[in-house]
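With PDB, C-alpha atoms and all ligand atoms inside, this is start-v2.pdb:
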MODEL        1
ATOM      1  CA  MET A   1    -199.319 -11.948 -55.446  1.00  0.00           C
ATOM      2  CA  LYS A   2    -201.168 -10.763 -58.550  1.00  0.00           C
ATOM      3  CA  ASP A   3    -201.756 -13.245 -61.367  1.00  0.00           C
ATOM      4  CA  GLY A   4    -198.701 -13.329 -63.659  1.00  0.00           C
ATOM      5  CA  TYR A   5    -196.383 -11.836 -61.020  1.00  0.00           C
ATOM      6  CA  ASP A   6    -193.910 -13.667 -58.818  1.00  0.00           C
ATOM      7  CA  GLY A   7    -190.900 -13.092 -56.609  1.00  0.00           C
ATOM      8  CA  THR A   8    -188.371 -15.289 -54.851  1.00  0.00           C
ATOM      9  CA  GLY A   9    -185.636 -14.565 -52.331  1.00  0.00           C
ATOM     10  CA  PRO A  10    -185.347 -13.396 -48.732  1.00  0.00           C
ATOM     11  CA  GLY A  11    -187.979 -11.259 -47.012  1.00  0.00           C
ATOM     12  CA  GLU A  12    -191.396  -9.908 -47.953  1.00  0.00           C
ATOM     13  CA  PHE A  13    -192.817  -9.197 -51.427  1.00  0.00           C
ATOM     14  CA  THR A  14    -195.269  -6.700 -52.862  1.00  0.00           C
ATOM     15  CA  PRO A  15    -198.302  -7.833 -54.892  1.00  0.00           C
ATOM     16  CA  ASP A  16    -196.301  -7.096 -58.085  1.00  0.00           C
ATOM     17  CA  GLY A  17    -193.378  -9.319 -57.033  1.00  0.00           C
ATOM     18  CA  CYS A  18    -190.925  -6.666 -55.763  1.00  0.00           C
ATOM     19  CA  ALA A  19    -188.717  -7.816 -52.899  1.00  0.00           C
ATOM     20  CA  VAL A  20    -188.862  -5.326 -50.040  1.00  0.00           C
ATOM     21  CA  ASP A  21    -185.336  -6.072 -48.770  1.00  0.00           C
ATOM     22  CA  LEU A  22    -183.970  -5.691 -52.302  1.00  0.00           C
ATOM     23  CA  TYR A  23    -185.533  -2.267 -52.873  1.00  0.00           C
ATOM     24  CA  ALA A  24    -184.399  -1.177 -49.411  1.00  0.00           C
ATOM     25  CA  ARG A  25    -180.775  -1.664 -50.494  1.00  0.00           C
ATOM     26  CA  LEU A  26    -180.848  -0.383 -54.079  1.00  0.00           C
ATOM     27  CA  PRO A  27    -179.158   3.018 -54.475  1.00  0.00           C
ATOM     28  CA  VAL A  28    -180.693   6.077 -56.107  1.00  0.00           C
ATOM     29  CA  ARG A  29    -179.454   6.781 -59.645  1.00  0.00           C
ATOM     30  CA  ASP A  30    -179.901   9.935 -61.716  1.00  0.00           C
ATOM     31  CA  GLU A  31    -183.624  10.338 -60.912  1.00  0.00           C
ATOM     32  CA  PRO A  32    -183.258  13.565 -58.824  1.00  0.00           C
ATOM     33  CA  GLU A  33    -181.306  15.321 -61.598  1.00  0.00           C
ATOM     34  CA  ILE A  34    -183.937  14.362 -64.186  1.00  0.00           C
ATOM     35  CA  ILE A  35    -186.801  15.468 -61.935  1.00  0.00           C
ATOM     36  CA  ALA A  36    -185.076  18.758 -61.089  1.00  0.00           C
ATOM     37  CA  ALA A  37    -184.666  19.504 -64.814  1.00  0.00           C
ATOM     38  CA  ALA A  38    -188.468  19.546 -65.090  1.00  0.00           C
ATOM     39  CA  GLN A  39    -189.281  21.246 -61.772  1.00  0.00           C
ATOM     40  CA  PRO A  40    -186.437  22.324 -59.499  1.00  0.00           C
ATOM     41  CA  PRO A  41    -186.915  22.303 -55.715  1.00  0.00           C
ATOM     42  CA  PRO A  42    -188.432  23.638 -53.552  1.00  0.00           C
ATOM     43  CA  ALA A  43    -191.647  21.991 -54.698  1.00  0.00           C
ATOM     44  CA  THR A  44    -194.278  19.627 -53.386  1.00  0.00           C
ATOM     45  CA  LEU A  45    -193.989  16.167 -54.926  1.00  0.00           C
ATOM     46  CA  LEU A  46    -196.314  13.165 -54.893  1.00  0.00           C
ATOM     47  CA  GLU A  47    -194.357   9.970 -55.479  1.00  0.00           C
ATOM     48  CA  LEU A  48    -196.587   7.123 -56.670  1.00  0.00           C
ATOM     49  CA  GLY A  49    -195.220   3.625 -56.052  1.00  0.00           C
ATOM     50  CA  ALA A  50    -192.440   4.930 -53.812  1.00  0.00           C
ATOM     51  CA  GLY A  51    -191.376   1.472 -52.639  1.00  0.00           C
ATOM     52  CA  ALA A  52    -188.830   1.535 -49.823  1.00  0.00           C
ATOM     53  CA  GLY A  53    -187.897   5.177 -50.424  1.00  0.00           C
ATOM     54  CA  ARG A  54    -184.912   4.657 -52.711  1.00  0.00           C
ATOM     55  CA  VAL A  55    -185.690   7.886 -54.597  1.00  0.00           C
ATOM     56  CA  THR A  56    -187.770   9.489 -51.825  1.00  0.00           C
ATOM     57  CA  ARG A  57    -184.800  10.019 -49.523  1.00  0.00           C
ATOM     58  CA  ALA A  58    -182.720  11.706 -52.202  1.00  0.00           C
ATOM     59  CA  LEU A  59    -185.607  13.944 -53.269  1.00  0.00           C
ATOM     60  CA  THR A  60    -186.071  15.088 -49.681  1.00  0.00           C
ATOM     61  CA  THR A  61    -182.373  15.890 -49.436  1.00  0.00           C
ATOM     62  CA  TRP A  62    -182.673  17.892 -52.638  1.00  0.00           C
ATOM     63  CA  GLY A  63    -185.404  20.047 -51.030  1.00  0.00           C
ATOM     64  CA  TYR A  64    -188.645  18.490 -52.297  1.00  0.00           C
ATOM     65  CA  GLU A  65    -191.551  18.107 -49.883  1.00  0.00           C
ATOM     66  CA  VAL A  66    -192.456  14.510 -50.709  1.00  0.00           C
ATOM     67  CA  THR A  67    -195.606  12.500 -50.064  1.00  0.00           C
ATOM     68  CA  ALA A  68    -194.825   8.836 -50.712  1.00  0.00           C
ATOM     69  CA  VAL A  69    -197.583   6.443 -51.811  1.00  0.00           C
ATOM     70  CA  ASP A  70    -197.407   2.672 -52.057  1.00  0.00           C
ATOM     71  CA  GLU A  71    -199.810  -0.212 -51.615  1.00  0.00           C
ATOM     72  CA  SER A  72    -197.219  -2.186 -49.646  1.00  0.00           C
ATOM     73  CA  PRO A  73    -197.046  -1.367 -45.906  1.00  0.00           C
ATOM     74  CA  GLU A  74    -193.813  -3.389 -45.698  1.00  0.00           C
ATOM     75  CA  MET A  75    -192.197  -1.112 -48.276  1.00  0.00           C
ATOM     76  CA  LEU A  76    -193.443   2.059 -46.587  1.00  0.00           C
ATOM     77  CA  GLU A  77    -191.991   0.956 -43.224  1.00  0.00           C
ATOM     78  CA  HIS A  78    -188.598   1.840 -44.693  1.00  0.00           C
ATOM     79  CA  ILE A  79    -189.607   5.449 -45.320  1.00  0.00           C
ATOM     80  CA  THR A  80    -189.221   7.726 -42.329  1.00  0.00           C
ATOM     81  CA  ASP A  81    -189.458  11.514 -41.890  1.00  0.00           C
ATOM     82  CA  VAL A  82    -191.696  11.786 -44.968  1.00  0.00           C
ATOM     83  CA  ARG A  83    -195.500  11.650 -45.182  1.00  0.00           C
ATOM     84  CA  THR A  84    -196.509   8.188 -46.393  1.00  0.00           C
ATOM     85  CA  VAL A  85    -199.878   6.981 -47.657  1.00  0.00           C
ATOM     86  CA  CYS A  86    -200.611   3.272 -47.946  1.00  0.00           C
ATOM     87  CA  SER A  87    -203.005   2.981 -50.873  1.00  0.00           C
ATOM     88  CA  SER A  88    -203.330   1.622 -54.353  1.00  0.00           C
ATOM     89  CA  ILE A  89    -202.494   4.390 -56.794  1.00  0.00           C
ATOM     90  CA  GLU A  90    -205.755   3.812 -58.647  1.00  0.00           C
ATOM     91  CA  ASP A  91    -207.854   4.526 -55.526  1.00  0.00           C
ATOM     92  CA  LEU A  92    -205.839   7.473 -54.257  1.00  0.00           C
ATOM     93  CA  ASP A  93    -207.939  10.530 -53.475  1.00  0.00           C
ATOM     94  CA  LEU A  94    -205.923  13.049 -51.485  1.00  0.00           C
ATOM     95  CA  PRO A  95    -207.228  16.562 -50.767  1.00  0.00           C
ATOM     96  CA  ASP A  96    -203.929  18.169 -51.836  1.00  0.00           C
ATOM     97  CA  ARG A  97    -202.545  19.087 -55.261  1.00  0.00           C
ATOM     98  CA  TYR A  98    -198.818  18.830 -55.988  1.00  0.00           C
ATOM     99  CA  ASP A  99    -196.262  20.723 -58.081  1.00  0.00           C
ATOM    100  CA  VAL A 100    -194.855  17.387 -59.262  1.00  0.00           C
ATOM    101  CA  VAL A 101    -196.539  13.993 -59.561  1.00  0.00           C
ATOM    102  CA  LEU A 102    -194.111  11.161 -60.187  1.00  0.00           C
ATOM    103  CA  LEU A 103    -195.152   7.865 -61.807  1.00  0.00           C
ATOM    104  CA  SER A 104    -191.881   6.005 -62.232  1.00  0.00           C
ATOM    105  CA  SER A 105    -190.714   2.372 -62.305  1.00  0.00           C
ATOM    106  CA  PHE A 106    -192.547   1.717 -65.625  1.00  0.00           C
ATOM    107  CA  LEU A 107    -195.910   1.551 -63.831  1.00  0.00           C
ATOM    108  CA  VAL A 108    -197.501   3.212 -66.877  1.00  0.00           C
ATOM    109  CA  HIS A 109    -196.910  -0.111 -68.678  1.00  0.00           C
ATOM    110  CA  ALA A 110    -199.617  -1.823 -66.598  1.00  0.00           C
ATOM    111  CA  PRO A 111    -200.850  -4.766 -68.687  1.00  0.00           C
ATOM    112  CA  ASP A 112    -204.529  -3.877 -68.204  1.00  0.00           C
ATOM    113  CA  PRO A 113    -205.388  -0.676 -70.128  1.00  0.00           C
ATOM    114  CA  ALA A 114    -208.095   0.118 -67.545  1.00  0.00           C
ATOM    115  CA  VAL A 115    -205.481   0.071 -64.770  1.00  0.00           C
ATOM    116  CA  ARG A 116    -203.158   2.255 -66.854  1.00  0.00           C
ATOM    117  CA  ALA A 117    -206.024   4.725 -67.391  1.00  0.00           C
ATOM    118  CA  ALA A 118    -206.732   4.772 -63.637  1.00  0.00           C
ATOM    119  CA  LEU A 119    -203.038   5.396 -62.820  1.00  0.00           C
ATOM    120  CA  LEU A 120    -202.903   8.331 -65.238  1.00  0.00           C
ATOM    121  CA  ASP A 121    -206.203   9.653 -63.930  1.00  0.00           C
ATOM    122  CA  THR A 122    -204.728   9.694 -60.402  1.00  0.00           C
ATOM    123  CA  CYS A 123    -201.790  11.717 -61.751  1.00  0.00           C
ATOM    124  CA  ARG A 124    -204.103  14.285 -63.338  1.00  0.00           C
ATOM    125  CA  ARG A 125    -206.348  14.535 -60.260  1.00  0.00           C
ATOM    126  CA  HIS A 126    -203.394  15.279 -57.964  1.00  0.00           C
ATOM    127  CA  VAL A 127    -201.287  17.707 -59.968  1.00  0.00           C
ATOM    128  CA  ASN A 128    -201.484  21.490 -59.553  1.00  0.00           C
ATOM    129  CA  PRO A 129    -202.953  23.243 -62.618  1.00  0.00           C
ATOM    130  CA  GLY A 130    -199.474  24.501 -63.553  1.00  0.00           C
ATOM    131  CA  GLY A 131    -197.621  21.426 -62.306  1.00  0.00           C
ATOM    132  CA  VAL A 132    -195.874  18.550 -64.042  1.00  0.00           C
ATOM    133  CA  VAL A 133    -196.532  14.819 -64.199  1.00  0.00           C
ATOM    134  CA  LEU A 134    -193.273  12.945 -64.700  1.00  0.00           C
ATOM    135  CA  ILE A 135    -193.556   9.456 -66.133  1.00  0.00           C
ATOM    136  CA  GLN A 136    -190.834   6.860 -66.593  1.00  0.00           C
ATOM    137  CA  ARG A 137    -191.351   4.713 -69.703  1.00  0.00           C
ATOM    138  CA  GLU A 138    -189.534   1.691 -71.049  1.00  0.00           C
ATOM    139  CA  GLY A 139    -186.652   2.379 -73.420  1.00  0.00           C
ATOM    140  CA  ARG A 140    -187.114   1.702 -77.130  1.00  0.00           C
ATOM    141  CA  ASP A 141    -185.391  -1.709 -77.177  1.00  0.00           C
ATOM    142  CA  TRP A 142    -186.182  -2.603 -73.571  1.00  0.00           C
ATOM    143  CA  HIS A 143    -187.754  -5.962 -74.487  1.00  0.00           C
ATOM    144  CA  GLU A 144    -185.344  -6.896 -77.276  1.00  0.00           C
ATOM    145  CA  ARG A 145    -182.093  -6.358 -75.363  1.00  0.00           C
ATOM    146  CA  VAL A 146    -182.276  -9.487 -73.229  1.00  0.00           C
ATOM    147  CA  PRO A 147    -180.419 -10.876 -71.489  1.00  0.00           C
ATOM    148  CA  ARG A 148    -178.671  -7.752 -70.217  1.00  0.00           C
ATOM    149  CA  ASP A 149    -176.896  -6.780 -67.003  1.00  0.00           C
ATOM    150  CA  SER A 150    -176.673  -3.499 -65.150  1.00  0.00           C
ATOM    151  CA  LYS A 151    -174.988  -2.493 -61.939  1.00  0.00           C
ATOM    152  CA  ALA A 152    -177.206  -2.281 -58.844  1.00  0.00           C
ATOM    153  CA  GLY A 153    -175.168  -1.110 -55.867  1.00  0.00           C
ATOM    154  CA  ASP A 154    -172.793  -3.943 -55.067  1.00  0.00           C
ATOM    155  CA  GLY A 155    -174.955  -6.350 -57.045  1.00  0.00           C
ATOM    156  CA  ILE A 156    -176.117  -6.989 -60.585  1.00  0.00           C
ATOM    157  CA  ALA A 157    -179.609  -6.499 -62.009  1.00  0.00           C
ATOM    158  CA  ARG A 158    -180.110  -8.960 -64.845  1.00  0.00           C
ATOM    159  CA  ALA A 159    -183.025  -8.799 -67.281  1.00  0.00           C
ATOM    160  CA  LEU A 160    -183.234 -12.480 -68.200  1.00  0.00           C
ATOM    161  CA  SER A 161    -186.102 -12.642 -70.664  1.00  0.00           C
ATOM    162  CA  SER A 162    -189.141 -10.884 -72.076  1.00  0.00           C
ATOM    163  CA  ASP A 163    -191.736 -13.257 -73.548  1.00  0.00           C
ATOM    164  CA  ASP A 164    -194.495 -12.097 -75.871  1.00  0.00           C
ATOM    165  CA  LEU A 165    -197.797 -13.388 -74.474  1.00  0.00           C
ATOM    166  CA  GLY A 166    -199.591 -12.731 -77.769  1.00  0.00           C
ATOM    167  CA  ASP A 167    -202.153 -10.269 -76.412  1.00  0.00           C
ATOM    168  CA  GLY A 168    -200.044  -7.119 -76.524  1.00  0.00           C
ATOM    169  CA  THR A 169    -198.416  -7.878 -73.167  1.00  0.00           C
ATOM    170  CA  ARG A 170    -195.128  -9.457 -72.175  1.00  0.00           C
ATOM    171  CA  SER A 171    -193.875 -11.497 -69.232  1.00  0.00           C
ATOM    172  CA  ILE A 172    -190.490 -10.293 -67.960  1.00  0.00           C
ATOM    173  CA  ARG A 173    -188.043 -12.126 -65.731  1.00  0.00           C
ATOM    174  CA  PHE A 174    -185.388 -10.316 -63.712  1.00  0.00           C
ATOM    175  CA  GLU A 175    -182.790 -11.528 -61.274  1.00  0.00           C
ATOM    176  CA  TYR A 176    -180.788  -9.480 -58.776  1.00  0.00           C
ATOM    177  CA  VAL A 177    -177.549 -11.072 -57.635  1.00  0.00           C
ATOM    178  CA  PHE A 178    -175.688  -9.719 -54.594  1.00  0.00           C
ATOM    179  CA  PRO A 179    -172.753 -11.243 -52.714  1.00  0.00           C
ATOM    180  CA  ASP A 180    -175.118 -12.304 -49.886  1.00  0.00           C
ATOM    181  CA  ALA A 181    -178.513 -12.786 -51.541  1.00  0.00           C
ATOM    182  CA  THR A 182    -180.331 -13.403 -54.826  1.00  0.00           C
ATOM    183  CA  TRP A 183    -183.847 -12.261 -55.721  1.00  0.00           C
ATOM    184  CA  THR A 184    -185.976 -12.971 -58.785  1.00  0.00           C
ATOM    185  CA  GLN A 185    -189.049 -11.186 -60.076  1.00  0.00           C
ATOM    186  CA  VAL A 186    -191.565 -11.992 -62.806  1.00  0.00           C
ATOM    187  CA  PHE A 187    -193.910  -9.223 -63.914  1.00  0.00           C
ATOM    188  CA  ARG A 188    -196.091  -8.140 -66.826  1.00  0.00           C
ATOM    189  CA  SER A 189    -195.829  -5.176 -69.149  1.00  0.00           C
ATOM    190  CA  ARG A 190    -197.813  -3.713 -72.031  1.00  0.00           C
ATOM    191  CA  PRO A 191    -195.273  -1.950 -74.268  1.00  0.00           C
ATOM    192  CA  LEU A 192    -196.402   1.413 -75.643  1.00  0.00           C
ATOM    193  CA  THR A 193    -195.198   3.165 -78.784  1.00  0.00           C
ATOM    194  CA  PRO A 194    -194.757   6.932 -78.367  1.00  0.00           C
ATOM    195  CA  GLU A 195    -198.081   7.355 -80.216  1.00  0.00           C
ATOM    196  CA  GLN A 196    -199.891   4.897 -77.907  1.00  0.00           C
ATOM    197  CA  PHE A 197    -198.349   6.636 -74.900  1.00  0.00           C
ATOM    198  CA  GLU A 198    -199.605  10.042 -76.057  1.00  0.00           C
ATOM    199  CA  GLU A 199    -203.033   8.542 -76.740  1.00  0.00           C
ATOM    200  CA  ALA A 200    -203.147   7.134 -73.196  1.00  0.00           C
ATOM    201  CA  LEU A 201    -202.163  10.552 -71.816  1.00  0.00           C
ATOM    202  CA  SER A 202    -204.879  12.229 -73.838  1.00  0.00           C
ATOM    203  CA  GLY A 203    -207.483   9.760 -72.517  1.00  0.00           C
ATOM    204  CA  ALA A 204    -206.602  10.897 -68.991  1.00  0.00           C
ATOM    205  CA  GLY A 205    -206.668  14.621 -69.793  1.00  0.00           C
ATOM    206  CA  LEU A 206    -202.878  14.908 -69.927  1.00  0.00           C
ATOM    207  CA  VAL A 207    -200.532  16.001 -72.686  1.00  0.00           C
ATOM    208  CA  LEU A 208    -196.857  15.392 -73.378  1.00  0.00           C
ATOM    209  CA  ASP A 209    -194.829  18.560 -72.797  1.00  0.00           C
ATOM    210  CA  ARG A 210    -191.411  17.110 -73.666  1.00  0.00           C
ATOM    211  CA  TYR A 211    -189.084  14.194 -73.152  1.00  0.00           C
ATOM    212  CA  LEU A 212    -186.533  14.881 -70.419  1.00  0.00           C
ATOM    213  CA  THR A 213    -183.986  12.342 -71.638  1.00  0.00           C
ATOM    214  CA  PRO A 214    -182.815  11.679 -75.226  1.00  0.00           C
ATOM    215  CA  ASP A 215    -183.830   8.004 -74.932  1.00  0.00           C
ATOM    216  CA  GLY A 216    -187.473   9.040 -74.386  1.00  0.00           C
ATOM    217  CA  ILE A 217    -187.642   7.162 -71.081  1.00  0.00           C
ATOM    218  CA  TRP A 218    -188.609  10.151 -68.935  1.00  0.00           C
ATOM    219  CA  ALA A 219    -191.607  12.157 -70.076  1.00  0.00           C
ATOM    220  CA  CYS A 220    -192.736  15.520 -68.710  1.00  0.00           C
ATOM    221  CA  CYS A 221    -196.513  15.860 -69.020  1.00  0.00           C
ATOM    222  CA  ARG A 222    -199.075  18.504 -68.110  1.00  0.00           C
ATOM    223  CA  VAL A 223    -202.812  18.818 -67.735  1.00  0.00           C
ATOM    224  CA  ALA A 224    -204.341  19.234 -71.200  1.00  0.00           C
ATOM    225  CA  GLY A 225    -205.968  22.487 -72.241  1.00  0.00           C
TER
HETATM  226  C1  LIG A 301    -190.408  -1.705 -58.810  1.00  0.00           C
HETATM  227  S1  LIG A 301    -190.895  -1.059 -57.255  1.00  0.00           S
HETATM  228  C2  LIG A 301    -190.100   0.526 -57.361  1.00  0.00           C
HETATM  229  C3  LIG A 301    -190.138   1.337 -56.111  1.00  0.00           C
HETATM  230  C4  LIG A 301    -189.544   2.747 -56.266  1.00  0.00           C
HETATM  231  N1  LIG A 301    -190.310   3.540 -57.228  1.00  0.00           N
HETATM  232  C5  LIG A 301    -188.104   2.663 -56.701  1.00  0.00           C
HETATM  233  O1  LIG A 301    -187.812   3.034 -57.851  1.00  0.00           O
HETATM  234  O2  LIG A 301    -187.276   2.252 -55.904  1.00  0.00           O
HETATM  235  C6  LIG A 301    -192.598  -0.685 -57.572  1.00  0.00           C
HETATM  236  C7  LIG A 301    -193.380  -0.245 -56.344  1.00  0.00           C
HETATM  237  O3  LIG A 301    -194.665   0.203 -56.781  1.00  0.00           O
HETATM  238  C8  LIG A 301    -195.657  -0.337 -55.931  1.00  0.00           C
HETATM  239  N2  LIG A 301    -196.873  -0.452 -56.731  1.00  0.00           N
HETATM  240  C9  LIG A 301    -197.006  -1.113 -57.899  1.00  0.00           C
HETATM  241  N3  LIG A 301    -198.256  -0.980 -58.377  1.00  0.00           N
HETATM  242  C10 LIG A 301    -198.916  -0.232 -57.467  1.00  0.00           C
HETATM  243  C11 LIG A 301    -200.236   0.259 -57.395  1.00  0.00           C
HETATM  244  N4  LIG A 301    -201.125   0.000 -58.361  1.00  0.00           N
HETATM  245  N5  LIG A 301    -200.592   1.004 -56.330  1.00  0.00           N
HETATM  246  C12 LIG A 301    -199.682   1.282 -55.342  1.00  0.00           C
HETATM  247  N6  LIG A 301    -198.425   0.846 -55.364  1.00  0.00           N
HETATM  248  C13 LIG A 301    -198.032   0.099 -56.414  1.00  0.00           C
HETATM  249  C14 LIG A 301    -195.123  -1.656 -55.449  1.00  0.00           C
HETATM  250  O4  LIG A 301    -195.714  -2.023 -54.219  1.00  0.00           O
HETATM  251  C15 LIG A 301    -193.637  -1.349 -55.337  1.00  0.00           C
HETATM  252  O5  LIG A 301    -193.290  -0.902 -54.063  1.00  0.00           O
ENDMDL
END

Mind converting the file's structure to structure tokens?
Amino acid sequence: MKDGYDGTGPGEFTPDGCAVDLYARLPVRDEPEIIAAAQPPPATLLELGAGAGRVTRALTTWGYEVTAVDESPEMLEHITDVRTVCSSIEDLDLPDRYDVVLLSSFLVHAPDPAVRAALLDTCRRHVNPGGVVLIQREGRDWHERVPRDSKAGDGIARALSSDDLGDGTRSIRFEYVFPDATWTQVFRSRPLTPEQFEEALSGAGLVLDRYLTPDGIWACCRVAG
């Protein structure tokens, strides 16, 4: 696992501490509705960090032609009937361009600014000239509102703590409690103000088009110029 990341519980884990068996059982939420508000189906869609296909399956049902990318082969094993690519997002270099590129799960908050720049660069390189890059950001008080619980299928997702590491990054601890299993995850985040987010977009040749949700969590971006 990467330095600063950890995971405990049954089954396999990704380098960033995600439990494969956990993500395989988590249900989709309102992601398809939010995505469709920016670009309705039919459309080609590149999903970066697709995990075990939690959102992928629903998007396919909605009529998107999805290509699912993840660096974890164990995660991708859960995705069937959809093109999968096992790769780090940073190194991705596909020949195709997509109507929608999706960078969700707060991956834009990568603690290393160089990694964040590489993730955004991959988004720009793979989107059609008139397409959209949809990015999921942390909510405004994401790090302050701890501990907090939310429903996760028949379990509970609990944000336990968010500790300031003093260098602009934070260490976050989550636990997922189900009737039959418990998982924990520790990961890192670099919070971004809206201004810092727009600056990061600009550095990658992207521009904010609009926020798709009133909480500013989902951003619709386009190629600049
Ligand atoms: C928190 S999980 C979320 C999975 C899926 N997006 C979902 O919402 O169910 C994050 C996923 O992103 C993948 N991931 C994280 N960083 C990555 C990177 N740099 N390149 C490729 N995959 C990455 C992990 O392997 C993991 O499967």

Return the single residue from A:Gly17, A:Ala24, A:Leu94, A:Leu120 that is closest to Lys2 of chain A, with distances computed using only C-alpha atoms.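 Result for the nearest residue to Lys2 of chain A: A:Gly17.
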
On this structure, the PyMOL selection byres (((chain A and resi 208) around 10) and not hetatm) would catch which residues? List them as a PDB file with C-alpha atoms, in the coordinates of the input, sorted by chain and number.
ATOM      1  CA  VAL A 132    -195.874  18.550 -64.042  1.00  0.00           C
ATOM      2  CA  VAL A 133    -196.532  14.819 -64.199  1.00  0.00           C
ATOM      3  CA  LEU A 134    -193.273  12.945 -64.700  1.00  0.00           C
ATOM      4  CA  ILE A 135    -193.556   9.456 -66.133  1.00  0.00           C
ATOM      5  CA  PHE A 197    -198.349   6.636 -74.900  1.00  0.00           C
ATOM      6  CA  GLU A 198    -199.605  10.042 -76.057  1.00  0.00           C
ATOM      7  CA  GLU A 199    -203.033   8.542 -76.740  1.00  0.00           C
ATOM      8  CA  LEU A 201    -202.163  10.552 -71.816  1.00  0.00           C
ATOM      9  CA  SER A 202    -204.879  12.229 -73.838  1.00  0.00           C
ATOM     10  CA  LEU A 206    -202.878  14.908 -69.927  1.00  0.00           C
ATOM     11  CA  VAL A 207    -200.532  16.001 -72.686  1.00  0.00           C
ATOM     12  CA  ASP A 209    -194.829  18.560 -72.797  1.00  0.00           C
ATOM     13  CA  ARG A 210    -191.411  17.110 -73.666  1.00  0.00           C
ATOM     14  CA  TYR A 211    -189.084  14.194 -73.152  1.00  0.00           C
ATOM     15  CA  ALA A 219    -191.607  12.157 -70.076  1.00  0.00           C
ATOM     16  CA  CYS A 220    -192.736  15.520 -68.710  1.00  0.00           C
ATOM     17  CA  CYS A 221    -196.513  15.860 -69.020  1.00  0.00           C
ATOM     18  CA  ARG A 222    -199.075  18.504 -68.110  1.00  0.00           C
ATOM     19  CA  VAL A 223    -202.812  18.818 -67.735  1.00  0.00           C
ATOM     20  CA  ALA A 224    -204.341  19.234 -71.200  1.00  0.00           C
TER      21      ALA A 224
END

Quick one: residues within 8 Å of Tyr98 of chain A, all atoms listed in the file counted, chain neighbours fewer than 6 positions away excluded, as a PDB file with C-alpha atoms, in the coordinates of the input?
ATOM      1  CA  ALA A  43    -191.647  21.991 -54.698  1.00  0.00           C
ATOM      2  CA  THR A  44    -194.278  19.627 -53.386  1.00  0.00           C
ATOM      3  CA  LEU A  45    -193.989  16.167 -54.926  1.00  0.00           C
ATOM      4  CA  LEU A  46    -196.314  13.165 -54.893  1.00  0.00           C
ATOM      5  CA  HIS A 126    -203.394  15.279 -57.964  1.00  0.00           C
ATOM      6  CA  VAL A 127    -201.287  17.707 -59.968  1.00  0.00           C
ATOM      7  CA  ASN A 128    -201.484  21.490 -59.553  1.00  0.00           C
ATOM      8  CA  GLY A 131    -197.621  21.426 -62.306  1.00  0.00           C
TER       9      GLY A 131
END

Tell me, counting only C-alpha atoms, for each residue of segment 141-192 of chain A within 9 Å of segment 25-33 of chain A, which pair of atoms is nearest and how far apart they are in Å to one decimal, in rows ordered by chain and increasing number, as a Markdown table.
| residue | atom | partner | partner_atom | distance |
| --- | --- | --- | --- | --- |
| A:Ala152 | CA | A:Leu26 | CA | 6.3 |
| A:Gly153 | CA | A:Pro27 | CA | 5.9 |
| A:Asp154 | CA | A:Leu26 | CA | 8.9 |
| A:Gly155 | CA | A:Leu26 | CA | 8.9 |

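Across the model, the gap from atom CA of Arg125 of chain A to atom CA of Gly4 of chain A is 29.1 Å.
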
Using all atoms listed in the file, find the one residue out of A:Asp16, A:Asp99, A:Glu175, A:Asp141 that sits nearest to ligand LIG 301 (chain A).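 With all atoms listed in the file as the atom set, the closest residue is A:Asp16.
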
Please identify the residues whose atoms come within 7 Å of ligand LIG 301 (chain A), using all atoms listed in the file, and report them as a ChimeraX atom specification. /A:14-16,18,23,48-55,69-72,75,87-90,104-105,107

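Using all atoms listed in the file, the smallest distance between any of A:Cys123, A:Trp218, A:Tyr5, A:Glu77 and Glu47 of chain A comes from A:Cys123.
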
At a cut-off of 9 Å, can you tabulate as CSV every residue of segment 114-157 of chain A near segment 182-196 of chain A together with its closest atom pair and the distance in Å to one decimal, using all atoms listed in the file and ordering rows by chain then number?
residue,atom,partner,partner_atom,distance
A:Arg137,CA,A:Leu192,CA,8.5
A:Glu138,CA,A:Pro191,CA,7.5
A:Arg140,CA,A:Thr193,CA,8.4
A:His143,CA,A:Pro191,CA,8.5

For Cys86 of chain A, the nearest of the candidates A:Gly139, A:Thr67, A:Pro214, A:Val101, counting all atoms listed in the file: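 Ranked by minimum distance to Cys86 of chain A, first place goes to A:Thr67.
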
What is the distance, in Å and to one decimal place, between atom CA of Pro73 of chain A and atom CA of Lys151 of chain A?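 Answer for the atom CA of Pro73 of chain A to atom CA of Lys151 of chain A separation: 27.3 Å.
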
Within-10 Å shell of (-184.8, 15.9, -56.0) in input frame, only C-alpha atoms, as a PyMOL selection string: chain A and resi 30-37+39-43+45+55-66
